Each structure stands twice: as structure tokens, then as C-alpha cells.
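J.: Pasting upload.cif here (mmCIF, C-alpha atoms):
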data_model
loop_
_atom_site.label_atom_id
_atom_site.label_comp_id
_atom_site.auth_asym_id
_atom_site.auth_seq_id
_atom_site.Cartn_x
_atom_site.Cartn_y
_atom_site.Cartn_z
CA MET R 1 0.00 0.00 0.00
CA ASN R 2 1.11 3.54 -0.60
CA ASP R 3 2.04 5.46 2.52
CA GLN R 4 0.40 8.65 1.41
CA ASN R 5 -3.22 7.61 1.65
CA VAL R 6 -5.65 10.42 0.99
CA ASP R 7 -8.91 10.63 2.87
CA LEU R 8 -11.57 11.16 0.25
CA ASN R 9 -14.05 11.88 2.99
CA PHE R 10 -17.11 10.04 1.80
CA PRO R 11 -20.15 12.30 1.65
CA THR R 12 -22.91 11.51 4.10
CA SER R 13 -25.78 12.94 2.04
CA MET R 14 -27.49 10.72 -0.47
CA PRO R 15 -25.98 11.37 -3.88
CA SER R 16 -27.93 11.47 -7.12
CA SER R 17 -27.51 8.59 -9.52
CA SER R 18 -25.88 10.51 -12.37
CA CYS R 19 -22.37 11.84 -12.71
CA SER R 20 -21.72 15.53 -13.25
CA PHE R 21 -17.98 15.29 -13.53
CA GLY R 22 -16.24 16.86 -16.53
CA ASN R 23 -17.78 17.82 -19.84
CA THR R 24 -21.55 17.59 -19.74
CA ASN R 25 -21.74 16.98 -23.48
CA ILE R 26 -20.34 13.49 -23.23
CA ALA R 27 -22.20 10.39 -22.15
CA GLU R 28 -22.76 9.70 -18.46
CA ASN R 29 -20.72 6.52 -18.44
CA GLU R 30 -17.77 8.29 -19.98
CA MET R 31 -17.97 11.04 -17.35
CA CYS R 32 -18.01 8.44 -14.61
CA GLU R 33 -15.04 6.82 -16.33
CA GLN R 34 -13.11 10.10 -16.17
CA ALA R 35 -14.06 10.52 -12.55
CA GLN R 36 -12.88 6.99 -11.80
CA ASN R 37 -9.47 7.76 -13.27
CA LEU R 38 -9.31 10.77 -10.97
CA PHE R 39 -10.20 8.64 -7.95
CA ASP R 40 -7.52 6.14 -8.93
CA GLN R 41 -4.86 8.86 -8.87
CA VAL R 42 -6.01 10.22 -5.53
CA MET R 43 -6.38 6.74 -4.02
CA ASP R 44 -2.90 5.75 -5.22
CA GLY R 45 -1.34 8.86 -3.68
CA GLU R 46 -0.38 10.16 -7.13
CA THR R 47 -1.75 13.63 -6.55
CA GLN R 48 -1.91 15.93 -3.55
CA ASN R 49 -3.33 18.78 -5.62
CA SER R 50 -6.14 20.24 -3.49
CA ASP R 51 -8.21 21.23 -6.53
CA ILE R 52 -8.16 17.69 -7.84
CA VAL R 53 -8.98 16.23 -4.44
CA SER R 54 -11.84 18.73 -4.08
CA ALA R 55 -13.13 17.83 -7.53
CA ALA R 56 -13.03 14.17 -6.55
CA ARG R 57 -14.96 14.84 -3.34
CA GLN R 58 -17.52 16.95 -5.19
CA THR R 59 -18.04 14.24 -7.77
CA LEU R 60 -18.45 11.63 -5.06
CA ALA R 61 -21.08 13.77 -3.38
CA GLU R 62 -23.08 13.98 -6.58
CA CYS R 63 -22.71 10.58 -8.21
CA GLU R 64 -23.91 7.42 -6.54
CA LYS R 65 -22.40 5.27 -9.27
CA CYS R 66 -18.95 6.83 -8.72
CA GLN R 67 -19.26 6.43 -4.97
CA ASN R 68 -20.05 2.73 -5.36
CA ALA R 69 -17.18 2.30 -7.81
CA LEU R 70 -14.72 3.89 -5.40
CA ASP R 71 -16.12 1.86 -2.53
CA ILE R 72 -15.44 -1.30 -4.55
CA GLN R 73 -11.89 -0.20 -5.42
CA LEU R 74 -11.02 0.53 -1.79
CA LYS R 75 -12.46 -2.79 -0.68
CA LEU R 76 -10.64 -4.53 -3.51
CA ARG R 77 -7.33 -3.10 -2.29
CA GLU R 78 -8.05 -4.39 1.21
CA THR R 79 -9.07 -7.78 -0.20
CA MET R 80 -5.89 -8.10 -2.26
CA ASN R 81 -3.70 -7.21 0.68
CA ASN R 82 -5.54 -9.66 2.92
CA HIS R 83 -5.40 -12.58 0.51
CA LEU R 84 -2.35 -12.23 -1.73
CA ARG R 85 0.54 -11.66 0.65
CA VAL R 86 2.70 -14.75 0.94
CA ALA R 87 6.02 -15.33 2.66
CA ALA R 88 8.95 -16.73 0.75
CA PRO R 89 9.78 -20.31 1.83
CA GLN R 90 12.48 -20.48 4.49
CA ASN R 91 14.54 -22.94 2.46
CA LEU R 92 14.63 -20.43 -0.40
CA ARG R 93 16.22 -17.85 1.90
CA ILE R 94 18.81 -20.34 3.04
CA GLU R 95 19.57 -21.47 -0.51
CA ILE R 96 19.94 -17.93 -1.85
CA SER R 97 22.10 -16.88 1.07
CA ALA R 98 24.38 -19.90 0.56
CA ASN R 99 24.67 -19.25 -3.18
CA LEU R 100 25.46 -15.58 -2.62
CA LYS R 101 28.31 -16.58 -0.32
CA ARG R 102 29.61 -19.05 -2.93
CA MET R 103 29.53 -16.32 -5.55
CA ASP R 104 31.24 -13.94 -3.16
CA LEU R 105 34.04 -16.46 -2.59
CA GLY R 106 34.43 -16.94 -6.33
CA LYS R 107 33.36 -20.57 -6.14
CA LEU R 108 30.39 -20.00 -8.40
CA ASP R 109 29.47 -17.55 -11.13
CA ILE R 110 26.04 -16.40 -12.29
CA THR R 111 26.59 -18.41 -15.50
CA ASP R 112 26.77 -21.59 -13.41
CA PHE R 113 23.14 -20.99 -12.51
CA PHE R 114 21.89 -19.36 -15.66
CA PRO R 115 23.98 -20.20 -18.74
CA PRO R 116 23.76 -17.26 -21.19
CA ASN R 117 22.95 -19.23 -24.35
CA VAL R 118 20.35 -21.64 -23.03
CA MET Y 1 31.97 -7.14 6.16
CA SER Y 2 31.97 -9.26 3.01
CA ASP Y 3 30.20 -8.07 -0.12
CA SER Y 4 27.54 -10.75 0.18
CA ASN Y 5 26.84 -9.83 3.80
CA GLU Y 6 26.40 -6.18 2.91
CA PHE Y 7 24.15 -7.10 0.00
CA GLU Y 8 22.09 -9.47 2.13
CA ASN Y 9 21.66 -6.91 4.88
CA LEU Y 10 20.19 -4.46 2.39
CA ALA Y 11 18.33 -6.69 -0.03
CA MET Y 12 16.98 -9.75 1.77
CA GLU Y 13 14.22 -7.81 3.53
CA TYR Y 14 12.43 -7.53 0.19
CA MET Y 15 12.28 -11.26 -0.44
CA ASP Y 16 8.66 -11.75 0.66
CA GLN Y 17 7.54 -8.91 -1.58
CA LEU Y 18 9.48 -10.24 -4.54
CA TYR Y 19 8.21 -13.76 -3.92
CA SER Y 20 4.55 -12.67 -3.60
CA THR Y 21 4.74 -10.81 -6.89
CA ALA Y 22 6.71 -13.59 -8.60
CA LYS Y 23 4.13 -16.15 -7.53
CA TYR Y 24 1.35 -14.31 -9.32
CA TRP Y 25 3.48 -13.36 -12.32
CA THR Y 26 4.48 -16.98 -12.90
CA ARG Y 27 1.42 -18.73 -11.40
CA SER Y 28 3.76 -21.34 -9.92
CA GLU Y 29 5.52 -21.53 -6.56
CA ALA Y 30 8.46 -23.41 -8.08
CA ASP Y 31 8.90 -20.85 -10.88
CA ALA Y 32 8.50 -18.03 -8.36
CA ALA Y 33 11.32 -19.47 -6.24
CA ASP Y 34 13.54 -19.79 -9.33
CA LEU Y 35 12.71 -16.25 -10.38
CA VAL Y 36 13.48 -14.79 -6.96
CA GLN Y 37 16.73 -16.74 -6.76
CA GLU Y 38 17.78 -15.50 -10.20
CA THR Y 39 16.85 -11.95 -9.19
CA TYR Y 40 19.07 -12.03 -6.10
CA LEU Y 41 22.01 -13.62 -7.84
CA ARG Y 42 21.85 -11.19 -10.76
CA ALA Y 43 21.40 -8.27 -8.37
CA PHE Y 44 24.44 -9.33 -6.38
CA LYS Y 45 26.46 -9.69 -9.57
CA GLY Y 46 25.46 -6.14 -10.58
CA PHE Y 47 25.49 -4.65 -7.09
CA GLY Y 48 28.64 -2.67 -7.83
CA GLY Y 49 26.66 -0.68 -10.39
CA PHE Y 50 23.80 0.06 -8.01
CA GLU Y 51 23.81 3.68 -6.90
CA LYS Y 52 23.71 3.62 -3.09
CA GLY Y 53 20.89 5.63 -1.58
CA THR Y 54 18.57 5.13 -4.55
CA ASN Y 55 15.57 2.83 -4.57
CA LEU Y 56 16.94 -0.67 -4.00
CA ARG Y 57 13.48 -2.24 -3.89
CA ALA Y 58 12.52 -0.82 -7.29
CA TRP Y 59 15.93 -1.89 -8.64
CA LEU Y 60 15.34 -5.47 -7.47
CA PHE Y 61 11.88 -5.53 -9.03
CA ARG Y 62 13.31 -4.23 -12.30
CA ILE Y 63 15.87 -7.04 -12.30
CA MET Y 64 13.08 -9.52 -11.56
CA LYS Y 65 11.02 -8.18 -14.46
CA ASN Y 66 13.96 -8.70 -16.83
CA ALA Y 67 14.61 -12.17 -15.40
CA HIS Y 68 10.94 -12.98 -15.90
CA LEU Y 69 11.15 -11.87 -19.53
CA ASN Y 70 14.11 -14.23 -19.97
CA MET Y 71 12.14 -17.01 -18.34
CA ILE Y 72 9.26 -16.39 -20.76
CA ARG Y 73 11.60 -16.41 -23.75
CA LYS Y 74 13.01 -19.75 -22.64
CA GLU Y 75 9.60 -21.31 -22.08
CA LYS Y 76 7.77 -19.59 -24.94
CA THR Y 77 4.82 -21.96 -24.71
CA SER Y 78 3.22 -20.85 -21.48
CA PRO Y 79 -0.10 -19.15 -22.34
CA GLN Y 80 -0.14 -16.96 -19.25
CA THR Y 81 3.05 -15.28 -20.31
CA GLN Y 82 1.66 -13.86 -23.52
CA ASP Y 83 1.58 -10.12 -23.16
CA VAL Y 84 -1.74 -9.67 -24.87
CA GLU Y 85 -4.27 -7.08 -23.77
CA GLU Y 86 -7.12 -9.51 -24.15
CA GLU Y 87 -10.25 -8.62 -22.26
CA VAL Y 88 -11.94 -11.05 -19.93
CA ALA Y 89 -15.57 -11.47 -20.91
CA ILE Y 90 -17.86 -10.33 -18.12
CA ASN Y 91 -21.64 -10.32 -18.15
CA LEU Y 92 -22.48 -8.24 -15.09
CA SER Y 93 -20.84 -5.54 -13.00
CA PRO Y 94 -21.09 -5.17 -9.23
CA THR Y 95 -23.05 -2.25 -7.84
CA ASN Y 96 -21.71 -2.33 -4.27
CA ALA Y 97 -18.68 -3.65 -2.40
CA SER Y 98 -20.36 -6.07 0.01
CA TYR Y 99 -19.74 -9.10 -2.24
CA LEU Y 100 -16.02 -8.77 -1.60
CA ASP Y 101 -16.52 -9.74 2.06
CA THR Y 102 -17.25 -13.37 1.26
CA LEU Y 103 -14.24 -14.19 -0.92
CA THR Y 104 -11.67 -16.89 -0.23
CA SER Y 105 -7.94 -16.52 -0.93
CA LYS Y 106 -8.25 -19.11 -3.68
CA GLN Y 107 -10.92 -17.07 -5.46
CA VAL Y 108 -8.79 -13.92 -5.27
CA GLU Y 109 -5.74 -15.80 -6.57
CA ASP Y 110 -7.78 -17.36 -9.40
CA ALA Y 111 -9.18 -13.97 -10.36
CA ILE Y 112 -5.70 -12.44 -10.46
CA SER Y 113 -4.61 -15.33 -12.69
CA GLU Y 114 -7.38 -14.51 -15.15
CA LEU Y 115 -5.99 -11.04 -15.78
CA PRO Y 116 -3.86 -10.45 -18.87
CA GLN Y 117 -0.17 -10.56 -17.88
CA SER Y 118 0.46 -6.88 -18.56
CA GLN Y 119 -2.49 -5.79 -16.39
CA LYS Y 120 -1.53 -8.21 -13.65
CA GLU Y 121 2.01 -6.82 -13.51
CA ALA Y 122 0.83 -3.22 -13.21
CA LEU Y 123 -1.84 -4.06 -10.64
CA LEU Y 124 0.44 -6.06 -8.35
CA LEU Y 125 3.23 -3.47 -8.40
CA VAL Y 126 0.94 -0.56 -7.56
CA GLU Y 127 -1.80 -2.18 -5.50
CA LEU Y 128 0.08 -4.85 -3.60
CA GLU Y 129 3.60 -3.44 -3.44
CA GLY Y 130 2.66 0.22 -3.26
CA PHE Y 131 4.98 1.44 -6.00
CA SER Y 132 4.21 4.84 -7.46
CA TYR Y 133 3.09 4.99 -11.10
CA LYS Y 134 6.54 6.32 -12.02
CA GLU Y 135 8.35 3.50 -10.20
CA ALA Y 136 6.08 0.86 -11.70
CA ALA Y 137 6.58 2.39 -15.15
CA ASP Y 138 10.37 2.25 -14.70
CA ILE Y 139 10.26 -1.35 -13.51
CA LEU Y 140 8.15 -2.44 -16.48
CA SER Y 141 9.88 -0.09 -18.96
CA ILE Y 142 6.61 1.45 -20.13
CA PRO Y 143 5.20 5.01 -20.01
CA VAL Y 144 3.32 6.22 -16.92
CA GLY Y 145 0.18 6.68 -19.01
CA THR Y 146 0.29 2.99 -19.94
CA ILE Y 147 0.57 2.04 -16.27
CA MET Y 148 -2.51 4.13 -15.54
CA SER Y 149 -4.60 2.60 -18.30
CA ARG Y 150 -3.52 -0.96 -17.48
CA LEU Y 151 -4.20 -0.38 -13.82
CA SER Y 152 -7.64 1.02 -14.52
CA ARG Y 153 -8.58 -1.93 -16.73
CA ALA Y 154 -7.10 -4.44 -14.27
CA ARG Y 155 -9.10 -3.04 -11.35
CA LYS Y 156 -12.36 -3.10 -13.27
CA THR Y 157 -11.74 -6.58 -14.61
CA LEU Y 158 -10.75 -7.95 -11.22
CA ALA Y 159 -13.81 -6.45 -9.53
CA ASN Y 160 -16.05 -7.95 -12.21
CA VAL Y 161 -14.38 -11.37 -12.25
CA LEU Y 162 -14.71 -11.65 -8.47
CA TYR Y 163 -18.33 -10.57 -8.74
CA GLU Y 164 -18.95 -13.34 -11.25
CA TYR Y 165 -17.38 -15.87 -8.86
CA VAL Y 166 -19.64 -14.80 -6.01
CA ARG Y 167 -22.71 -14.65 -8.23
CA LYS Y 168 -22.11 -18.13 -9.61
CA GLU Y 169 -21.43 -19.51 -6.14
CA ASN Y 170 -24.69 -18.05 -4.90
CA LEU Y 171 -26.57 -19.60 -7.83
CA ILE Y 172 -25.01 -23.00 -7.10
CA THR Y 173 -25.88 -22.70 -3.41
CA LYS Y 174 -29.48 -21.80 -4.30
CA ASP Y 175 -29.71 -24.74 -6.73
CA THR Y 176 -28.37 -27.10 -4.09
CA GLU Y 177 -30.88 -25.81 -1.57
CA ASN Y 178 -33.69 -26.13 -4.08
CA ASP Y 179 -32.60 -29.69 -4.82
CA LYS Y 180 -32.63 -30.46 -1.12
CA HIS Y 181 -36.11 -29.03 -0.71
CA SER Y 182 -37.48 -30.82 -3.74
CA GLY Y 183 -35.38 -33.96 -3.23
CA ASN Y 184 -38.16 -35.96 -1.53
CA ASP Y 185 -40.65 -35.14 -4.24
CA LYS Y 186 -38.25 -36.13 -6.95
CA HIS Y 187 -37.48 -39.34 -5.10
CA SER Y 188 -41.16 -40.21 -4.75
CA GLU Y 189 -41.81 -39.40 -8.40
CA LYS Y 190 -38.99 -41.73 -9.32
CA GLU Y 191 -40.39 -44.48 -7.10
CA VAL Y 192 -43.87 -44.10 -8.57
CA LEU Y 193 -42.42 -44.25 -12.06
CA GLN Y 194 -40.39 -47.30 -11.17
CA LYS Y 195 -43.48 -49.07 -9.78
CA LYS Y 196 -45.43 -48.25 -12.93
CA ILE Y 197 -42.71 -49.76 -15.08
CA GLU Y 198 -42.38 -52.82 -12.93
CA ALA Y 199 -46.14 -53.37 -12.64
CA PRO Y 200 -47.44 -56.33 -14.67
#
Would you encode the structure as C-alpha cells?

T.:
Amino acid sequence: MNDQNVDLNFPTSMPSSSCSFGNTNIAENEMCEQAQNLFDQVMDGETQNSDIVSAARQTLAECEKCQNALDIQLKLRETMNNHLRVAAPQNLRIEISANLKRMDLGKLDITDFFPPNV
Amino acid sequence: MSDSNEFENLAMEYMDQLYSTAKYWTRSEADAADLVQETYLRAFKGFGGFEKGTNLRAWLFRIMKNAHLNMIRKEKTSPQTQDVEEEVAINLSPTNASYLDTLTSKQVEDAISELPQSQKEALLLVELEGFSYKEAADILSIPVGTIMSRLSRARKTLANVLYEYVRKENLITKDTENDKHSGNDKHSEKEVLQKKIEAP
């Protein structure tokens, strides 16, 4: 997870079902799509720009679909972190450590493990 | 301190992260172990060229990405290694996040495996390992914009694939319950039919 999590401050009022983000001449789904890209950047800590964060909050307050989509993305992140973290096997650590020492002592070279032309 | 000790002190703390990512890149624990081993040995070999104070973790992941590409070139046949932006066909999209509460680790792993390789790589680096878009782009040698689009597609696909899993599971559970409820009736119908057939 990124360290710089941004609190999007979910709105408490009931939002409307349509998205008002961006250009109003384009289709609703496309506007929600643009909003989702914005949420992704904020959620991933890629922007600290207060205008962008405000725009994201405003959009969330007005679009139920966007709010649900963000809710799913945040939950998905939690789910991935809960289920996908695995520890490397202990014997792998031992094996790598031993092979590094052999390489350090000049007893083995990387080509002994991974021949260049195979 | 020997060179290998210095290297180990700095680099070994990232082994779990490398292994987690390698496991889902390769879809095999054995291949993941090979990939991580190759990463460490190649990193040690090139450690003299590593600029101290820069991002060692990102450097290790970049080496692992290159080692993985080599692994793919050697294997060539493995379908999961094809870097094709094929879309996973999905019928329905979720409307709220509650379905994610019921998932098992196996379902999440299976769903990750269904993602196209390029999307999976971007998703795991950013979502699981917390790399910035720029770092992930450097590791994968692609533009930041490509990371963003792959990430966006991967998230949507993953959410939808998991939703399909839960939806199908619920349908199966309902069918099983229906069968249980109607089981006696079906049994009696069968018995009646059997008696009719056997009757002289």
C-alpha cells in the first residue's frame, strides 16, 4: 500500500444517480469513467493537488455510481492485501544466502546458474 | 563485512515482496522461487553498479522483471506469459462492495490469474507493493500513461471477475438448496415411475 493515503471523505448525504464530472456533453458513463481515473490517482497517492482532491470529493457527493465504484476499489485493495501476501519459503532464503556466499568467494558464477545461451 | 553480507543486509528484507509478486506473475511456486533466486544472484552480480541511496526495492523488481522476460523467452509456450491485452468477458458488474466480504484466498488468486499478464504486472506493483506509477513504469519499462490505463482496466476486470465468482457460487448454493427441498418429491416421483414400469 502507498504510505500517502488520501482521505476522500465520503459524503454523508445521499448522492444522485448521475455523474456531473467533466464535460456535460459526453455520455454519463464516460464522465463516470473520467471521474474513476481521478479517484484512482487520488487513491494511489499520485496527486496531492487540493483542486483535484476537491473535484473528486464533489463528484463523489453527486454521483452514486462513482461512490459505489470507489467503494469497490477501496475494498478490492483491502481484499488483495488480505489474501495475496505470501512469505517466501524459508529454504529459499537459506539457498539464496548460501549461493550468494559461494559467488562472493568466487566458487560460483552467475553463469553456473543461468547459462547465457540456453 | 563481506560483499555478500552487505548485499544481504540491504536486499533480503524484500524477499517476501518479490516472492509474492513472482508467484502471481508466474502462477507457480516453483517458478517463483527460481525467479526470486535468479533476481538475487543477478542483483548481487550487478550490485557494484547500483547507486547507493537510490531505490533498492525498485531496482530489485526491475531485475526480476527482466529475469521474468528471460524465463518467458526460454519457455515460450506458457499461455499466461503472452503479453496480450485480451479482455476477460464479463456479463455483469457489481453495484456495491459487500460481495467482496465473502471471498476466499483461492478465489482472489484465481481472479488475479485470469488477468492479462500486462495488467496483472501493473496491478500487483501498484496495488500490492505500493509502487508509485513512475516506479512501476520504470520497472516495467513502459510510459506512466500505460501504467494508468492498465491499472484502470485491471481493477475493473478484477472487480467484475470476483463478482462473477460470487454470483455463480450463490446460484449454485441456491440450486443445491432447491434440490434439497425438492429432493423428496423427486425421489417419490422416481419411485412411482419405477413401480409403474415394474407393474405387470

J.: Residues of region 32-139 of chain Y within 10 Å of region 91-114 of chain R: nearest atom pair and distance (Å, one decimal) for each, counting only C-alpha atoms, sorted by chain and number, as a tab-separated table?

T.:
residue	atom	partner	partner_atom	distance
Y:Ala33	CA	R:Leu92	CA	6.8
Y:Asp34	CA	R:Leu92	CA	9.0
Y:Val36	CA	R:Leu92	CA	8.7
Y:Gln37	CA	R:Ile96	CA	6.0
Y:Glu38	CA	R:Phe114	CA	7.8
Y:Thr39	CA	R:Ile96	CA	10.0
Y:Tyr40	CA	R:Ile96	CA	7.3
Y:Leu41	CA	R:Leu100	CA	6.6
Y:Arg42	CA	R:Ile110	CA	6.9
Y:Phe44	CA	R:Leu100	CA	7.4
Y:Lys45	CA	R:Ile110	CA	7.3

J.: Give me the result of the PyMOL selection byres ((chain Y) within 8 of (chain R)) on this file, residue by residue, as a PyMOL selection string.

T.: chain Y and resi 2-4+8+15-17+19-20+33+37-38+40-42+44-45+74+95-97+100+104-105+108-109+126-133+152+155+159

J.: So the first atom is CA of Thr102 (chain Y) and the second is CA of Thr26 (chain Y); what is the distance between them in Å, to one decimal place?

T.: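 Distance between the two atoms: 26.2 Å.
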
J.: To one decimal place, how far is CA of Arg167 (chain Y) from CA of Leu151 (chain Y) in Å?

T.: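 Going from CA of Arg167 (chain Y) over to CA of Leu151 (chain Y) covers 24.0 Å.
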
J.: Can you pull out every residue within 10 Å of Ala11 (chain Y), counting all atoms listed in the file, but drop anything in the same chain fewer than 5 positions away, and send it as a JSON list (two decimals) with C-alpha atoms, keeping the file's coordinate frame?

T.:
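The resulting file, part-v7.json, is reproduced below:
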[["chain", "number", "residue", "atom", "x", "y", "z"],
["Y", 5, "ASN", "CA", 26.84, -9.83, 3.80],
["Y", 6, "GLU", "CA", 26.40, -6.18, 2.91],
["Y", 40, "TYR", "CA", 19.07, -12.03, -6.10],
["Y", 43, "ALA", "CA", 21.40, -8.27, -8.37],
["Y", 44, "PHE", "CA", 24.44, -9.33, -6.38],
["Y", 56, "LEU", "CA", 16.94, -0.67, -4.00],
["Y", 57, "ARG", "CA", 13.48, -2.24, -3.89],
["Y", 60, "LEU", "CA", 15.34, -5.47, -7.47]]

J.: Could you tell me how far CA of Lys156 (chain Y) lies from CA of Glu169 (chain Y), in Å and to one decimal?

T.: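 Spanning CA of Lys156 (chain Y) to CA of Glu169 (chain Y) is a straight-line distance of 20.1 Å.
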
J.: Around the point (7.2, 2.7, -18.5) (coordinates from the file), which residues reach within 12 Å if we count only C-alpha atoms? Answer as a list in words.

T.: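 Counting only C-alpha atoms, I find these residues within 12 Å of (7.2, 2.7, -18.5): Arg62, Ser118, Glu121, Ala122, Ser132, Tyr133, Lys134, Glu135, Ala136, Ala137, Asp138, Ile139, Leu140, Ser141, Ile142, Pro143, Val144, Gly145, Thr146, Ile147, Met148, Ser149 and Arg150 of chain Y.
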
J.: Rank Y:Leu35, Y:Leu158, Y:Leu103, Y:Leu124 by their smallest atom-to-atom distance to Asn70 (chain Y), using all atoms listed in the file, and report the top residue only.

T.: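 Counting all atoms listed in the file, the residue closest to Asn70 (chain Y) is Y:Leu35.
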
J.: If you keep C-alpha atoms, can you output region 3-63 of chain Y as a PDB file, in the first residue's frame?

T.:
ATOM      1  CA  ASP Y   3      30.199  -8.066  -0.117  1.00  0.00           C
ATOM      2  CA  SER Y   4      27.544 -10.751   0.176  1.00  0.00           C
ATOM      3  CA  ASN Y   5      26.840  -9.831   3.804  1.00  0.00           C
ATOM      4  CA  GLU Y   6      26.404  -6.177   2.908  1.00  0.00           C
ATOM      5  CA  PHE Y   7      24.145  -7.096  -0.002  1.00  0.00           C
ATOM      6  CA  GLU Y   8      22.087  -9.473   2.129  1.00  0.00           C
ATOM      7  CA  ASN Y   9      21.663  -6.909   4.878  1.00  0.00           C
ATOM      8  CA  LEU Y  10      20.192  -4.461   2.390  1.00  0.00           C
ATOM      9  CA  ALA Y  11      18.333  -6.693  -0.030  1.00  0.00           C
ATOM     10  CA  MET Y  12      16.983  -9.754   1.770  1.00  0.00           C
ATOM     11  CA  GLU Y  13      14.223  -7.815   3.533  1.00  0.00           C
ATOM     12  CA  TYR Y  14      12.433  -7.534   0.188  1.00  0.00           C
ATOM     13  CA  MET Y  15      12.280 -11.261  -0.436  1.00  0.00           C
ATOM     14  CA  ASP Y  16       8.664 -11.748   0.657  1.00  0.00           C
ATOM     15  CA  GLN Y  17       7.541  -8.907  -1.582  1.00  0.00           C
ATOM     16  CA  LEU Y  18       9.482 -10.243  -4.541  1.00  0.00           C
ATOM     17  CA  TYR Y  19       8.213 -13.762  -3.924  1.00  0.00           C
ATOM     18  CA  SER Y  20       4.552 -12.667  -3.600  1.00  0.00           C
ATOM     19  CA  THR Y  21       4.739 -10.808  -6.893  1.00  0.00           C
ATOM     20  CA  ALA Y  22       6.707 -13.591  -8.599  1.00  0.00           C
ATOM     21  CA  LYS Y  23       4.129 -16.154  -7.527  1.00  0.00           C
ATOM     22  CA  TYR Y  24       1.347 -14.311  -9.319  1.00  0.00           C
ATOM     23  CA  TRP Y  25       3.483 -13.363 -12.318  1.00  0.00           C
ATOM     24  CA  THR Y  26       4.480 -16.980 -12.897  1.00  0.00           C
ATOM     25  CA  ARG Y  27       1.420 -18.725 -11.399  1.00  0.00           C
ATOM     26  CA  SER Y  28       3.764 -21.337  -9.919  1.00  0.00           C
ATOM     27  CA  GLU Y  29       5.518 -21.525  -6.559  1.00  0.00           C
ATOM     28  CA  ALA Y  30       8.460 -23.408  -8.083  1.00  0.00           C
ATOM     29  CA  ASP Y  31       8.898 -20.848 -10.878  1.00  0.00           C
ATOM     30  CA  ALA Y  32       8.504 -18.031  -8.364  1.00  0.00           C
ATOM     31  CA  ALA Y  33      11.320 -19.471  -6.240  1.00  0.00           C
ATOM     32  CA  ASP Y  34      13.539 -19.792  -9.332  1.00  0.00           C
ATOM     33  CA  LEU Y  35      12.712 -16.255 -10.376  1.00  0.00           C
ATOM     34  CA  VAL Y  36      13.483 -14.790  -6.957  1.00  0.00           C
ATOM     35  CA  GLN Y  37      16.728 -16.738  -6.759  1.00  0.00           C
ATOM     36  CA  GLU Y  38      17.777 -15.503 -10.195  1.00  0.00           C
ATOM     37  CA  THR Y  39      16.847 -11.953  -9.189  1.00  0.00           C
ATOM     38  CA  TYR Y  40      19.066 -12.028  -6.101  1.00  0.00           C
ATOM     39  CA  LEU Y  41      22.014 -13.619  -7.835  1.00  0.00           C
ATOM     40  CA  ARG Y  42      21.846 -11.191 -10.759  1.00  0.00           C
ATOM     41  CA  ALA Y  43      21.403  -8.275  -8.373  1.00  0.00           C
ATOM     42  CA  PHE Y  44      24.442  -9.333  -6.379  1.00  0.00           C
ATOM     43  CA  LYS Y  45      26.455  -9.692  -9.567  1.00  0.00           C
ATOM     44  CA  GLY Y  46      25.457  -6.143 -10.579  1.00  0.00           C
ATOM     45  CA  PHE Y  47      25.488  -4.652  -7.090  1.00  0.00           C
ATOM     46  CA  GLY Y  48      28.635  -2.671  -7.832  1.00  0.00           C
ATOM     47  CA  GLY Y  49      26.658  -0.677 -10.387  1.00  0.00           C
ATOM     48  CA  PHE Y  50      23.798   0.058  -8.012  1.00  0.00           C
ATOM     49  CA  GLU Y  51      23.808   3.680  -6.896  1.00  0.00           C
ATOM     50  CA  LYS Y  52      23.709   3.619  -3.089  1.00  0.00           C
ATOM     51  CA  GLY Y  53      20.889   5.634  -1.580  1.00  0.00           C
ATOM     52  CA  THR Y  54      18.570   5.134  -4.547  1.00  0.00           C
ATOM     53  CA  ASN Y  55      15.571   2.835  -4.565  1.00  0.00           C
ATOM     54  CA  LEU Y  56      16.942  -0.669  -3.999  1.00  0.00           C
ATOM     55  CA  ARG Y  57      13.482  -2.238  -3.888  1.00  0.00           C
ATOM     56  CA  ALA Y  58      12.525  -0.819  -7.295  1.00  0.00           C
ATOM     57  CA  TRP Y  59      15.931  -1.885  -8.642  1.00  0.00           C
ATOM     58  CA  LEU Y  60      15.344  -5.468  -7.469  1.00  0.00           C
ATOM     59  CA  PHE Y  61      11.881  -5.527  -9.027  1.00  0.00           C
ATOM     60  CA  ARG Y  62      13.307  -4.228 -12.301  1.00  0.00           C
ATOM     61  CA  ILE Y  63      15.866  -7.041 -12.304  1.00  0.00           C
TER      62      ILE Y  63
END
